[in-house]
Amino acid sequence: MCVHPSHCTGSMTDQKTQFDPRELAPFMFSASHNGFLGMKYRDHGEDWMELELPWREDLVGDSEQHVLASGPIISLMDMASGMAIWTRMNSFMAVATLDLRVDYLRPAKERHAVIGRSQCYHLTRSAAFVRGIAHDGDKDDPVASMAGVFMTIGGSAPLVA
Amino acid sequence: MSHNTDLLTPYARSIGITVCEQDELLKSGAPVLMVTFSDTVQGRPSHFHGGAISGLLETAGYTALRIQLAQGGRSDVQLKPINITMQFLAAAKAETLYAQARITKLGRRNANLELECWQADRSRPRATAVMNVLMVAPASD
């Protein structure tokens, strides 16, 4: 399964640890795939997370168009969703993406960063349900919409008691 | 049509996707794409990031579609993503990841594809996906 990085704490135990996305983001985005993409923290609330993916020439999906490829947008939405789940749980435990759907509503603006915003709208003992959008400045005019389900990884604690 | 990296997007080349040149795989129709494990595609330590897995699946879809369209004399159409639905079945570990598409329907305006990726054992897929692609013909004079 697609498992979220744990290198900011180095542990995947079932102990409940406080999760402060603003504080942890620089560590989570310092290396590996998220670091390569250059993801940045923007904002968060009780059950949602907003990340930014800066525009970069080598991440375009078509050499004739200066628009980010769809692949990095999936990475952005997947990561924003994982962090929205940890934020709602206020805990950093291993979760894995089970199902993720992205609808591409329109192309992003040329040479533009894309912002991913995801909300964890429901939690059960073993599953977390997320939905969100990607936009390029105006959240009322999204580039993509997303829906997904994440699961706890075997051996870790339930998402809700 | 030759299977070369010209078919790949700048994004696909950036994360290290290449076209698998092994004969037995090339004979199977749509090209098999591969990505070797590196920090660029890593999520949790020693595992692929789900976004990188999705990027490989999607690239396998576009590459297969480009080849099929070229064979039908339609290499000038523009491909636009409609949607993709990924199913993550098992962790993708620190070894080479392969992906191949199957074009389920190739119409005039849209195509539907099934995608699958695996590691050492093809019978145990790591992730599958279904994608829809819009095909826009160039405006005629």
# chains A, B, ... in the order shown; residues from 1 in each chain; ligands from 1

call {"tool": "interface_residues", "arguments": {"of": "chain B", "to": "chain A", "cutoff": "6 Å", "atoms": "only C-alpha atoms", "output": "PyMOL selection string"}}
result
chain B and resi 9-11+39-44+49-51+55+82-91

call {"tool": "select_by_dssp", "arguments": {"residues": "range 64-150 of chain A", "states": "strand (DSSP E or B)", "output": "count of residues only"}}
result
40

call {"tool": "closest_residue", "arguments": {"among": "A:Lys40, A:Thr124, A:Val143, A:Gln65", "to": "Phe27 in chain A", "atoms": "only C-alpha atoms"}}
result
A:Lys40

call {"tool": "residues_around", "arguments": {"residues": "Pro54 in chain A", "least_positions_apart": "6", "cutoff": "10 Å", "atoms": "only C-alpha atoms", "output": "count of residues only"}}
result
10

call {"tool": "atom_distance", "arguments": {"atom1": "CA of Ala80 in chain A", "atom2": "CA of Ala94 in chain B"}}
result
23.5 Å

call {"tool": "atom_distance", "arguments": {"atom1": "CA of Cys20 in chain B", "atom2": "CA of Leu8 in chain B"}}
result
12.4 Å

call {"tool": "residues_around", "arguments": {"residues": "Ser118 in chain A", "least_positions_apart": "2", "cutoff": "6 Å", "atoms": "only C-alpha atoms", "output": "ChimeraX atom specification"}}
result
/A:48-49,80-81,131-132

call {"tool": "decode", "arguments": {"residues": "range 6-17 of chain B", "atoms": "all heavy atoms", "output": "CSV table (one decimal), in the first residue's frame"}}
result
chain,number,residue,atom,x,y,z
B,6,ASP,N,11.2,9.5,-26.1
B,6,ASP,CA,10.5,10.6,-26.7
B,6,ASP,C,9.1,10.6,-26.3
B,6,ASP,O,8.4,11.6,-26.3
B,6,ASP,CB,10.7,10.6,-28.2
B,6,ASP,CG,12.1,10.9,-28.6
B,6,ASP,OD1,12.9,11.3,-27.7
B,6,ASP,OD2,12.4,10.7,-29.8
B,7,LEU,N,8.6,9.4,-26.0
B,7,LEU,CA,7.2,9.2,-25.7
B,7,LEU,C,6.9,9.7,-24.3
B,7,LEU,O,5.7,9.9,-23.9
B,7,LEU,CB,6.8,7.7,-25.7
B,7,LEU,CG,6.7,7.1,-27.1
B,7,LEU,CD1,6.8,5.6,-27.1
B,7,LEU,CD2,5.4,7.6,-27.8
B,8,LEU,N,7.9,9.9,-23.5
B,8,LEU,CA,7.7,10.2,-22.1
B,8,LEU,C,7.7,11.7,-21.8
B,8,LEU,O,8.3,12.5,-22.5
B,8,LEU,CB,8.8,9.6,-21.2
B,8,LEU,CG,8.9,8.1,-21.3
B,8,LEU,CD1,10.1,7.5,-20.5
B,8,LEU,CD2,7.6,7.4,-20.9
B,9,THR,N,6.9,12.1,-20.8
B,9,THR,CA,6.8,13.6,-20.5
B,9,THR,C,8.0,14.0,-19.7
B,9,THR,O,8.7,13.2,-19.1
B,9,THR,CB,5.5,13.8,-19.6
B,9,THR,OG1,5.7,13.1,-18.4
B,9,THR,CG2,4.2,13.4,-20.4
B,10,PRO,N,8.2,15.3,-19.6
B,10,PRO,CA,9.3,15.8,-18.7
B,10,PRO,C,9.2,15.3,-17.3
B,10,PRO,O,10.2,14.8,-16.7
B,10,PRO,CB,9.2,17.3,-18.8
B,10,PRO,CG,8.6,17.5,-20.2
B,10,PRO,CD,7.7,16.4,-20.4
B,11,TYR,N,8.0,15.3,-16.8
B,11,TYR,CA,7.7,14.8,-15.4
B,11,TYR,C,8.1,13.3,-15.3
B,11,TYR,O,8.8,12.9,-14.4
B,11,TYR,CB,6.2,14.9,-15.1
B,11,TYR,CG,5.8,14.0,-13.9
B,11,TYR,CD1,6.2,14.3,-12.6
B,11,TYR,CD2,5.0,12.9,-14.2
B,11,TYR,CE1,5.8,13.4,-11.6
B,11,TYR,CE2,4.6,12.0,-13.2
B,11,TYR,CZ,5.0,12.3,-11.9
B,11,TYR,OH,4.6,11.5,-10.9
B,12,ALA,N,7.7,12.5,-16.3
B,12,ALA,CA,8.0,11.0,-16.3
B,12,ALA,C,9.5,10.8,-16.3
B,12,ALA,O,10.1,10.0,-15.5
B,12,ALA,CB,7.4,10.3,-17.4
B,13,ARG,N,10.2,11.6,-17.1
B,13,ARG,CA,11.7,11.4,-17.1
B,13,ARG,C,12.3,11.9,-15.8
B,13,ARG,O,13.3,11.3,-15.4
B,13,ARG,CB,12.3,12.2,-18.3
B,13,ARG,CG,11.9,11.6,-19.7
B,13,ARG,CD,12.8,12.2,-20.8
B,13,ARG,NE,12.5,13.6,-21.0
B,13,ARG,CZ,11.7,14.1,-21.9
B,13,ARG,NH1,11.0,13.2,-22.7
B,13,ARG,NH2,11.5,15.3,-22.1
B,14,SER,N,11.8,13.0,-15.2
B,14,SER,CA,12.3,13.5,-14.0
B,14,SER,C,12.3,12.5,-12.8
B,14,SER,O,13.2,12.4,-12.0
B,14,SER,CB,11.5,14.7,-13.5
B,14,SER,OG,11.8,15.8,-14.3
B,15,ILE,N,11.2,11.6,-12.8
B,15,ILE,CA,11.2,10.7,-11.7
B,15,ILE,C,11.8,9.3,-12.1
B,15,ILE,O,11.8,8.4,-11.3
B,15,ILE,CB,9.7,10.5,-11.1
B,15,ILE,CG1,8.8,9.8,-12.1
B,15,ILE,CG2,9.2,11.8,-10.6
B,15,ILE,CD1,7.5,9.3,-11.4
B,16,GLY,N,12.4,9.3,-13.3
B,16,GLY,CA,13.2,8.1,-13.7
B,16,GLY,C,12.5,7.0,-14.4
B,16,GLY,O,12.9,5.9,-14.4
B,17,ILE,N,11.3,7.3,-15.0
B,17,ILE,CA,10.6,6.3,-15.7
B,17,ILE,C,11.2,6.1,-17.1
B,17,ILE,O,11.7,7.0,-17.7
B,17,ILE,CB,9.1,6.8,-15.9
B,17,ILE,CG1,8.4,6.9,-14.6
B,17,ILE,CG2,8.4,5.8,-16.9
B,17,ILE,CD1,7.0,7.5,-14.7
